[in-house]
>>> print(open('work31.tsv').read())   # TSV, C-alpha atoms
chain	number	residue	atom	x	y	z
W	219	MET	CA	-54.99	128.33	77.86
W	220	SER	CA	-57.68	130.98	78.28
W	221	THR	CA	-60.61	130.67	75.91
W	222	ALA	CA	-60.49	134.44	75.51
W	223	THR	CA	-57.10	134.00	73.81
W	224	LEU	CA	-58.92	132.14	71.04
W	225	ASP	CA	-62.41	133.60	71.17
W	226	THR	CA	-61.71	137.32	71.49
W	227	PRO	CA	-57.93	137.76	71.25
W	228	GLU	CA	-56.43	141.16	71.96
W	229	ILE	CA	-53.94	142.53	69.47
W	230	ALA	CA	-51.55	144.97	71.09
W	231	ASP	CA	-49.83	146.10	67.90
W	232	ASN	CA	-51.36	145.86	64.42
W	233	GLU	CA	-47.99	146.34	62.74
W	234	SER	CA	-46.55	143.41	64.68
W	235	LEU	CA	-49.56	141.33	63.66
W	236	ARG	CA	-48.89	142.13	60.00
W	237	ASP	CA	-45.24	141.14	60.49
W	238	PHE	CA	-46.35	137.83	61.95
W	239	ILE	CA	-48.76	137.21	59.06
W	240	GLU	CA	-45.91	137.75	56.58
W	241	ALA	CA	-43.68	135.36	58.51
W	242	LEU	CA	-46.44	132.74	58.66
W	243	ARG	CA	-46.95	133.07	54.91
W	244	ASP	CA	-43.25	132.29	54.46
W	245	TYR	CA	-43.30	129.25	56.77
W	246	ALA	CA	-46.52	127.68	55.49
W	247	PRO	CA	-45.16	126.36	52.15
W	248	ALA	CA	-42.29	124.54	53.90
W	249	ILE	CA	-44.73	123.03	56.40
W	250	GLU	CA	-46.95	121.78	53.59
W	251	ARG	CA	-43.96	120.29	51.74
W	252	ASP	CA	-42.69	118.52	54.86
W	253	VAL	CA	-46.13	117.13	55.65
W	254	ALA	CA	-46.59	115.91	52.07
W	255	GLN	CA	-43.22	114.14	52.16
W	256	LEU	CA	-43.91	112.66	55.60
W	257	ARG	CA	-47.09	111.08	54.26
W	258	ASN	CA	-44.82	109.00	52.02
W	259	SER	CA	-41.91	108.62	54.48
W	260	PRO	CA	-43.48	108.85	57.96
W	261	ARG	CA	-40.33	107.68	59.78
W	262	GLU	CA	-37.97	110.15	58.15
W	263	ARG	CA	-36.46	111.87	61.17
W	264	GLU	CA	-34.93	114.70	59.19
W	265	LEU	CA	-38.37	115.66	57.83
W	266	ILE	CA	-39.92	115.46	61.29
W	267	GLY	CA	-37.12	117.68	62.59
W	268	SER	CA	-37.64	120.19	59.76
W	269	LEU	CA	-41.37	120.35	60.45
W	270	PHE	CA	-40.77	120.74	64.18
W	271	ARG	CA	-38.33	123.62	63.59
W	272	ALA	CA	-40.77	125.45	61.31
W	273	LEU	CA	-43.52	125.23	63.92
W	274	HIS	CA	-41.11	126.25	66.68
W	275	ASN	CA	-40.10	129.29	64.63
W	276	ILE	CA	-43.75	130.24	64.15
W	277	LYS	CA	-44.27	130.06	67.90
W	278	GLY	CA	-41.14	132.15	68.49
W	279	ASP	CA	-42.29	134.81	66.04
W	280	ALA	CA	-45.73	134.77	67.64
W	281	ALA	CA	-44.15	135.46	71.02
W	282	LEU	CA	-42.10	138.34	69.61
W	283	CYS	CA	-45.14	139.81	67.86
W	284	LYS	CA	-47.40	139.13	70.86
W	285	VAL	CA	-49.86	136.98	68.89
W	286	GLU	CA	-50.95	134.69	71.72
W	287	LEU	CA	-53.53	132.98	69.56
W	288	ALA	CA	-50.76	131.51	67.38
W	289	ILE	CA	-48.87	130.22	70.41
W	290	ALA	CA	-52.02	128.47	71.63
W	291	VAL	CA	-52.50	126.76	68.24
W	292	VAL	CA	-48.90	125.74	67.60
W	293	HIS	CA	-47.74	124.63	71.06
W	294	PRO	CA	-49.77	121.38	71.25
W	295	ILE	CA	-48.75	120.49	67.69
W	296	GLU	CA	-45.12	120.75	68.80
W	297	THR	CA	-45.85	118.32	71.64
W	298	ILE	CA	-47.55	115.90	69.24
W	299	LEU	CA	-44.58	116.03	66.88
W	300	ALA	CA	-42.20	115.48	69.79
W	301	ARG	CA	-44.10	112.29	70.52
W	302	VAL	CA	-43.92	111.30	66.85
W	303	ARG	CA	-40.18	111.88	66.95
W	304	SER	CA	-39.86	109.67	70.04
W	305	ASN	CA	-42.00	106.96	68.36
W	306	ASP	CA	-44.92	107.38	70.81
W	307	PHE	CA	-47.19	108.30	67.90
W	308	PRO	CA	-47.04	107.18	64.27
W	309	PHE	CA	-47.20	109.93	61.65
W	310	THR	CA	-50.45	109.05	59.91
W	311	ASP	CA	-52.66	110.74	57.30
W	312	PRO	CA	-55.13	111.99	59.96
W	313	ILE	CA	-52.26	113.59	61.93
W	314	ALA	CA	-51.00	115.19	58.72
W	315	GLU	CA	-54.50	116.46	57.97
W	316	VAL	CA	-55.03	118.00	61.42
W	317	ILE	CA	-51.64	119.79	61.28
W	318	LEU	CA	-52.51	121.32	57.91
W	319	LEU	CA	-56.00	122.19	59.13
W	320	ALA	CA	-54.50	123.97	62.15
W	321	ILE	CA	-52.17	126.02	59.95
W	322	ASP	CA	-55.10	126.90	57.68
W	323	ARG	CA	-57.12	128.02	60.68
W	324	LEU	CA	-54.22	130.11	61.98
W	325	GLU	CA	-53.86	131.84	58.60
W	326	LEU	CA	-57.60	132.53	58.42
W	327	ALA	CA	-57.74	133.76	62.02
W	328	THR	CA	-54.82	136.17	61.75
W	329	ALA	CA	-56.12	137.53	58.43
W	330	ARG	CA	-59.48	138.21	60.08
W	331	LEU	CA	-57.82	139.89	63.04
W	332	ALA	CA	-55.88	142.14	60.68
W	333	ARG	CA	-59.19	143.18	59.06
W	334	GLY	CA	-60.90	143.63	62.44
W	335	ASP	CA	-63.33	140.77	61.71
W	336	SER	CA	-64.84	138.25	64.11
W	337	LEU	CA	-63.35	134.77	64.53
W	338	ASP	CA	-66.82	133.20	64.62
W	339	GLY	CA	-67.06	129.92	62.77
W	340	LEU	CA	-63.38	128.98	62.96
W	341	GLN	CA	-63.94	126.66	65.96
W	342	LEU	CA	-60.53	127.56	67.38
W	343	ILE	CA	-61.43	126.49	70.91
W	344	ALA	CA	-62.49	123.03	69.72
W	345	LEU	CA	-59.29	122.78	67.68
W	346	VAL	CA	-56.88	123.77	70.42
W	347	GLU	CA	-58.61	121.84	73.20
W	348	GLY	CA	-58.61	118.77	70.99
W	349	LEU	CA	-54.92	119.17	70.14
W	350	GLU	CA	-54.04	119.65	73.81
W	351	GLU	CA	-55.91	116.49	74.78
W	352	LEU	CA	-54.25	114.56	71.96
W	353	ALA	CA	-50.80	115.79	72.99
W	354	GLN	CA	-51.30	114.17	76.41
W	355	ALA	CA	-53.33	111.14	75.28
W	356	SER	CA	-52.42	107.46	75.38
W	357	THR	CA	-51.15	105.87	72.20
W	358	ASP	CA	-54.35	103.85	71.68
W	359	ASN	CA	-56.67	104.88	68.85
W	360	VAL	CA	-54.67	107.99	67.93
W	361	ASP	CA	-56.27	108.26	64.49
W	362	GLU	CA	-59.76	108.05	65.98
W	363	GLN	CA	-58.94	110.87	68.40
W	364	VAL	CA	-57.57	112.97	65.54
W	365	SER	CA	-60.68	112.26	63.48
W	366	GLU	CA	-62.83	113.51	66.36
W	367	ILE	CA	-60.85	116.77	66.45
W	368	ILE	CA	-61.27	117.27	62.72
W	369	GLU	CA	-64.98	116.53	62.88
W	370	ALA	CA	-65.44	118.93	65.81
W	371	VAL	CA	-63.78	121.71	63.81
W	372	THR	CA	-65.13	121.04	60.34
W	373	GLY	CA	-68.27	118.94	60.81
W	374	PHE	CA	-66.81	116.26	58.52
W	375	ARG	CA	-65.04	112.97	59.12
W	376	PRO	CA	-61.62	112.72	57.41
W	377	VAL	CA	-62.51	109.87	55.08
W	378	VAL	CA	-60.95	111.23	51.88
W	379	SER	CA	-58.02	113.63	51.57
W	380	GLY	CA	-57.48	113.59	47.79
W	381	PRO	CA	-59.32	115.34	44.96
W	382	LEU	CA	-63.09	115.15	45.06
W	383	ARG	CA	-64.31	112.07	43.25
W	384	GLY	CA	-67.91	111.78	42.19
W	385	ARG	CA	-69.76	108.51	41.72
W	386	ARG	CA	-71.14	109.60	38.41
W	387	ARG	CA	-70.49	112.21	35.84
W	388	VAL	CA	-73.18	114.77	35.16
W	389	SER	CA	-73.52	115.23	31.45
W	390	SER	CA	-75.14	117.92	29.39
W	391	VAL	CA	-78.57	117.63	27.85
W	392	HIS	CA	-78.95	114.47	25.78
W	393	GLY	CA	-81.40	113.43	23.11
W	394	ALA	CA	-82.35	114.82	19.73
W	395	PRO	CA	-80.66	118.06	18.66
W	396	SER	CA	-82.56	121.19	19.64
W	397	PRO	CA	-81.80	124.88	19.96
W	398	VAL	CA	-81.36	124.40	23.71
W	399	THR	CA	-78.94	121.50	23.19
W	400	ASP	CA	-77.02	123.44	20.55
W	401	ASP	CA	-76.76	126.48	22.83
W	402	LEU	CA	-75.51	124.37	25.73
W	403	ARG	CA	-72.90	122.72	23.52
W	404	PHE	CA	-71.75	126.15	22.39
W	405	PHE	CA	-71.56	127.40	25.99
W	406	GLN	CA	-69.64	124.29	26.97
W	407	SER	CA	-67.17	124.85	24.13
W	408	LEU	CA	-66.51	128.36	25.44
W	409	ALA	CA	-65.90	126.96	28.93
W	410	GLN	CA	-63.43	124.50	27.45
W	411	GLN	CA	-61.62	127.39	25.77
W	412	LEU	CA	-61.32	129.07	29.16
W	413	GLU	CA	-60.00	125.86	30.74
W	414	ALA	CA	-57.34	125.66	28.03
W	415	ARG	CA	-55.84	128.95	29.24
W	416	SER	CA	-54.25	127.25	32.26
W	417	PRO	CA	-53.49	123.68	33.36
W	418	LEU	CA	-54.93	124.67	36.76
W	419	PHE	CA	-58.40	124.80	35.19
W	420	LYS	CA	-58.40	121.28	33.76
W	421	GLY	CA	-61.71	119.56	34.54
W	422	ARG	CA	-62.96	122.60	36.46
W	423	THR	CA	-66.19	123.07	34.50
W	424	MET	CA	-67.48	119.53	34.97
W	425	ARG	CA	-66.55	119.53	38.66
W	426	ILE	CA	-68.55	122.72	39.22
W	427	LEU	CA	-71.44	121.43	37.10
W	428	ARG	CA	-71.72	118.19	39.05
W	429	LEU	CA	-71.64	119.98	42.41
W	430	ALA	CA	-74.17	122.59	41.25
W	431	LYS	CA	-76.66	120.04	39.93
W	432	GLU	CA	-76.36	117.77	42.96
W	433	THR	CA	-76.74	120.71	45.36
W	434	ASN	CA	-79.84	121.80	43.50
W	435	GLN	CA	-81.17	118.25	43.70
W	436	PHE	CA	-80.61	118.06	47.47
W	437	ALA	CA	-82.58	121.30	47.84
W	438	GLY	CA	-85.55	119.97	45.86
W	439	SER	CA	-84.54	121.10	42.33
W	440	VAL	CA	-85.81	124.64	42.81
W	441	ILE	CA	-83.54	125.91	40.00
W	442	ASP	CA	-84.08	125.04	36.34
W	443	ASN	CA	-81.23	122.62	35.56
W	444	ARG	CA	-80.74	123.82	31.99
W	445	GLN	CA	-80.41	127.43	33.10
W	446	LEU	CA	-78.04	126.36	35.88
W	447	GLU	CA	-75.92	124.37	33.43
W	448	ALA	CA	-75.64	127.35	31.10
W	449	ALA	CA	-74.66	129.57	34.04
W	450	VAL	CA	-71.93	127.13	35.09
W	451	TYR	CA	-70.47	127.13	31.58
W	452	MET	CA	-70.63	130.89	31.18
W	453	HIS	CA	-70.03	132.39	34.64
W	454	ASP	CA	-66.31	133.06	34.14
W	455	ILE	CA	-66.24	133.54	30.36
W	456	GLY	CA	-65.98	137.28	30.94
W	457	MET	CA	-62.41	136.67	32.15
W	458	MET	CA	-61.45	136.01	28.53
W	459	PHE	CA	-62.19	139.66	27.74
W	460	LEU	CA	-59.62	140.83	30.30
W	461	PRO	CA	-55.82	140.77	29.94
W	462	GLU	CA	-54.52	137.40	31.06
W	463	SER	CA	-51.99	139.16	33.27
W	464	ASN	CA	-54.96	140.31	35.38
W	465	TRP	CA	-56.28	136.86	36.26
W	466	LEU	CA	-53.87	134.06	35.34
W	467	LYS	CA	-51.86	134.48	38.53
W	468	ALA	CA	-50.82	131.82	41.03
W	469	VAL	CA	-50.08	134.33	43.78
W	470	VAL	CA	-52.15	136.40	46.18
W	471	MET	CA	-53.53	139.44	44.38
W	472	THR	CA	-53.78	142.94	45.80
W	473	ASP	CA	-57.10	144.80	45.97
W	474	LYS	CA	-55.93	147.01	43.11
W	475	GLU	CA	-55.16	143.96	40.97
W	476	LYS	CA	-58.57	142.46	41.75
W	477	GLU	CA	-60.50	145.58	40.75
W	478	PRO	CA	-60.56	144.94	36.94
W	479	LEU	CA	-61.91	141.44	37.58
W	480	ARG	CA	-65.18	142.90	38.84
W	481	ALA	CA	-66.21	143.49	35.22
W	482	HIS	CA	-66.25	139.83	34.21
W	483	PRO	CA	-69.79	138.88	35.37
W	484	ALA	CA	-71.31	141.66	33.25
W	485	TYR	CA	-69.47	140.55	30.11
W	486	ALA	CA	-70.71	136.96	30.36
W	487	ALA	CA	-74.23	137.95	31.40
W	488	GLY	CA	-74.36	140.36	28.48
W	489	LEU	CA	-73.67	137.55	26.05
W	490	LEU	CA	-76.42	135.39	27.54
W	491	THR	CA	-79.05	138.16	27.47
W	492	ARG	CA	-78.49	138.46	23.72
W	493	ILE	CA	-79.43	134.81	23.13
W	494	ASP	CA	-83.12	133.97	23.38
W	495	GLY	CA	-84.17	131.77	26.28
W	496	TRP	CA	-81.24	132.30	28.67
W	497	SER	CA	-82.33	135.28	30.75
W	498	ALA	CA	-82.40	133.21	33.97
W	499	ALA	CA	-78.86	131.97	33.35
W	500	ALA	CA	-77.78	135.54	32.63
W	501	GLU	CA	-79.15	136.64	36.00
W	502	MET	CA	-77.25	133.85	37.78
W	503	VAL	CA	-74.01	134.83	36.05
W	504	ALA	CA	-74.46	138.55	36.70
W	505	GLN	CA	-75.05	137.96	40.43
W	506	HIS	CA	-72.69	135.12	41.31
W	507	HIS	CA	-70.28	137.47	43.13
W	508	GLU	CA	-73.00	139.21	45.14
W	509	MET	CA	-73.19	138.49	48.89
W	510	PRO	CA	-76.13	138.21	51.30
W	511	ASP	CA	-74.86	141.18	53.34
W	512	GLY	CA	-74.72	143.44	50.27
W	513	CYS	CA	-70.90	143.59	50.21
W	514	GLY	CA	-70.50	141.74	46.90
W	515	TYR	CA	-70.27	143.05	43.34
W	516	PRO	CA	-71.13	144.41	40.82
W	517	GLU	CA	-74.42	145.82	42.18
W	518	GLY	CA	-74.07	145.29	45.95
W	519	LEU	CA	-77.31	143.28	46.07
W	520	ASP	CA	-78.43	141.85	49.41
W	521	GLY	CA	-79.73	138.33	50.05
W	522	PRO	CA	-83.40	138.63	49.04
W	523	ARG	CA	-82.47	140.23	45.71
W	524	ILE	CA	-79.95	137.55	44.70
W	525	CYS	CA	-81.41	134.71	42.66
W	526	PRO	CA	-81.02	131.12	43.96
W	527	GLY	CA	-78.80	130.00	41.07
W	528	ALA	CA	-76.31	132.78	41.77
W	529	LYS	CA	-76.21	131.78	45.46
W	530	VAL	CA	-75.40	128.17	44.57
W	531	LEU	CA	-72.80	129.21	42.01
W	532	ALA	CA	-71.12	131.52	44.54
W	533	ILE	CA	-70.59	128.69	47.02
W	534	ILE	CA	-69.30	126.18	44.48
W	535	ASP	CA	-67.10	128.69	42.67
W	536	ALA	CA	-65.52	129.63	46.02
W	537	PHE	CA	-65.05	125.94	46.90
W	538	GLU	CA	-63.24	125.32	43.62
W	539	ALA	CA	-61.07	128.39	44.22
W	540	VAL	CA	-60.15	127.18	47.71
W	541	MET	CA	-59.23	123.76	46.29
W	542	LEU	CA	-56.66	125.59	44.16
W	543	LYS	CA	-55.66	128.03	46.87
W	544	HIS	CA	-51.93	128.56	47.32
W	545	ILE	CA	-51.21	126.38	44.28
W	546	ASP	CA	-47.80	128.09	44.28
W	547	ARG	CA	-47.07	126.01	47.37
W	548	GLY	CA	-47.16	122.93	45.19
W	549	ARG	CA	-50.36	121.26	46.41
W	550	ASN	CA	-54.12	121.66	46.30
W	551	ARG	CA	-56.39	121.84	49.31
W	552	SER	CA	-57.92	118.54	50.30
W	553	VAL	CA	-61.70	118.38	50.01
W	554	LEU	CA	-61.92	118.33	53.80
W	555	ARG	CA	-59.89	121.50	54.27
W	556	ALA	CA	-61.67	123.27	51.40
W	557	ILE	CA	-65.17	122.60	52.73
W	558	ALA	CA	-64.01	123.55	56.23
W	559	GLU	CA	-62.85	126.93	54.92
W	560	ILE	CA	-66.13	127.52	53.09
W	561	ASN	CA	-68.11	126.78	56.24
W	562	ALA	CA	-65.82	129.05	58.28
W	563	CYS	CA	-66.68	131.89	55.86
W	564	ASP	CA	-70.39	131.08	55.74
W	565	ARG	CA	-71.45	134.72	56.16
W	566	GLN	CA	-70.30	135.31	52.59
W	567	PHE	CA	-72.85	132.80	51.30
W	568	ALA	CA	-76.59	132.15	51.47
W	569	ALA	CA	-77.28	130.09	54.58
W	570	GLU	CA	-80.11	128.17	52.94
W	571	TRP	CA	-77.70	126.71	50.36
W	572	ILE	CA	-74.77	125.88	52.64
W	573	GLU	CA	-76.42	122.79	54.12
W	574	PRO	CA	-77.46	121.22	50.78
W	575	PHE	CA	-73.90	121.78	49.55
W	576	ASN	CA	-72.50	120.22	52.73
W	577	GLN	CA	-74.72	117.19	52.11
W	578	VAL	CA	-73.27	116.78	48.61
W	579	ILE	CA	-69.72	116.94	49.94
W	580	ARG	CA	-70.52	114.62	52.84
W	581	ARG	CA	-71.99	112.03	50.49
W	582	SER	CA	-68.93	112.23	48.24
W	583	LEU	CA	-66.58	111.81	51.22
W	584	GLU	CA	-68.54	108.84	52.54
W	585	ALA	CA	-68.60	107.25	49.09
W	586	GLY	CA	-64.83	107.63	48.84
>>> encode(input="work31.tsv", output="structure tokens")
Amino acid sequence: MSTATLDTPEIADNESLRDFIEALRDYAPAIERDVAQLRNSPRERELIGSLFRALHNIKGDAALCKVELAIAVVHPIETILARVRSNDFPFTDPIAEVILLAIDRLELATARLARGDSLDGLQLIALVEGLEELAQASTDNVDEQVSEIIEAVTGFRPVVSGPLRGRRRVSSVHGAPSPVTDDLRFFQSLAQQLEARSPLFKGRTMRILRLAKETNQFAGSVIDNRQLEAAVYMHDIGMMFLPESNWLKAVVMTDKEKEPLRAHPAYAAGLLTRIDGWSAAAEMVAQHHEMPDGCGYPEGLDGPRICPGAKVLAIIDAFEAVMLKHIDRGRNRSVLRAIAEINACDRQFAAEWIEPFNQVIRRSLEAG
């Protein structure tokens, strides 16, 4: 394998690349279903055979479409599965996780190539070299070798693969009733109304709130926690002013379908600016879809003009979205795969807040 195949791949035909992306999108749900079932029945030969065929078909399509990068990613996984099928390797959770991570990386990489973007941050060389070494490795300490691959690609050890579990629940402001407390309770009630619109949103607000407060704490509590809490409750309330058909979708949306959604930060921020004492929260809400490079919305602000609370909210909101990504496939992202995707897209987020957020996730993973 040439590192150039993974680092700076050449695409001979953009139309063929798009065809391959469509085919990969069709295969990915079946791969995820087979892997999920193999976690429960790791010796089921029919499932192993089904997974092997799906990967072999991806490699065949990649050859036809001249997407060498995909061949480089998939080929060692085939060899690993062949060894699982011959009982050289057990099918374990770490092996399942690295297969899914590889498919995620392939989807991200081909999507970037189609847009003409760089593959920086995807760690494809570390992934493929690790898979190739594993495919030829002895049967001793297989899970440890897989864990090293995952850590090399994501920066995290695969300790937990289920939903993120915190050690404590972050609550709202306590104590005697006050206007601030009453406002926060009202904002929280609105967030609960939004959650009620879809079972996918259940518990979403408190997950985001916990991550936001802990990230702020890791960074030295530079953001007022009450303003941050209000922003968490209110940041997506503007969605409720849009037709549900525009945003309650469990499928990939087109750019045209996404366009009306750009209005939602202004609606929520507008509500907050009309309530005394919440101007900082309003600013966070208004800016939480801005990006450091100025390519966000609604104002196209660059990094120095985006407030810290909005930067934190952008990262955590994206993380939550990735956890629910491809929910139509029947499963959520694991925490490990979600944080890996956020770090692979780090140019969309403020660099100074990525590391505190990583520390929060790392602590949660280590705590189990």
>>> closest_residue(input="work31.tsv", among="W:Thr433, W:Ser497, W:Thr472, W:Thr357", to="Arg581 of chain W", atoms="only C-alpha atoms")
W:Thr433
>>> atom_distance(input="work31.tsv", atom1="atom CA of Phe567 of chain W", atom2="atom CA of Lys476 of chain W")
19.7 Å
>>> closest_residue(input="work31.tsv", among="W:Ser259, W:Glu501, W:Ala300, W:Phe307", to="Asp358 of chain W", atoms="only C-alpha atoms")
W:Phe307
>>> closest_residue(input="work31.tsv", among="W:Leu282, W:Leu265, W:Met424, W:Ala448", to="Thr491 of chain W", atoms="all atoms listed in the file")
W:Ala448
>>> axis_aligned_box(input="work31.tsv", around="segment 346-352 of chain W", padding_each_side="4 Å", output="lines of an AutoDock Vina configuration file")
center_x = -56.3
center_y = 119.2
center_z = 72.5
size_x = 12.6
size_y = 17.2
size_z = 12.6
>>> atom_distance(input="work31.tsv", atom1="atom CA of Lys543 of chain W", atom2="atom CA of His506 of chain W")
19.3 Å
>>> closest_residue(input="work31.tsv", among="W:Phe459, W:Trp496, W:Phe404, W:Phe419", to="Asp442 of chain W", atoms="all atoms listed in the file")
W:Trp496
>>> atom_distance(input="work31.tsv", atom1="atom CA of Ile455 of chain W", atom2="atom CA of Ala486 of chain W")
5.6 Å
>>> closest_residue(input="work31.tsv", among="W:Asp306, W:Glu347, W:Glu315, W:Asp279", to="Leu224 of chain W", atoms="all atoms listed in the file")
W:Glu347
>>> residues_around(input="work31.tsv", residues="Lys431 of chain W", least_positions_apart="6", cutoff="12 Å", atoms="all atoms listed in the file", output="VMD selection string")
chain W and resid 386 to 390 424 to 425 437 to 450 527 530 to 531 534 574 to 575 578
>>> closest_residue(input="work31.tsv", among="W:Arg333, W:Lys529, W:Arg403, W:Arg303", to="Pro260 of chain W", atoms="all atoms listed in the file")
W:Arg303
>>> residues_around(input="work31.tsv", residues="Ile317 of chain W", least_positions_apart="5", cutoff="9 Å", atoms="only C-alpha atoms", output="PyMOL selection string")
chain W and resi 253+295+312+322
>>> residues_around(input="work31.tsv", residues="Tyr515 of chain W", least_positions_apart="5", cutoff="7 Å", atoms="all atoms listed in the file", output="ChimeraX atom specification")
/W:480,507-508
>>> residues_around(input="work31.tsv", residues="Asp564 of chain W", least_positions_apart="2", cutoff="12 Å", atoms="all atoms listed in the file", output="VMD selection string")
chain W and resid 337 to 340 509 to 511 529 532 to 533 536 to 537 557 to 562 566 to 573 575 to 576
>>> residues_around(input="work31.tsv", residues="Val364 of chain W", least_positions_apart="4", cutoff="8 Å", atoms="all atoms listed in the file", output="number ranges by chain")
W: 312-313, 316, 352, 360, 368
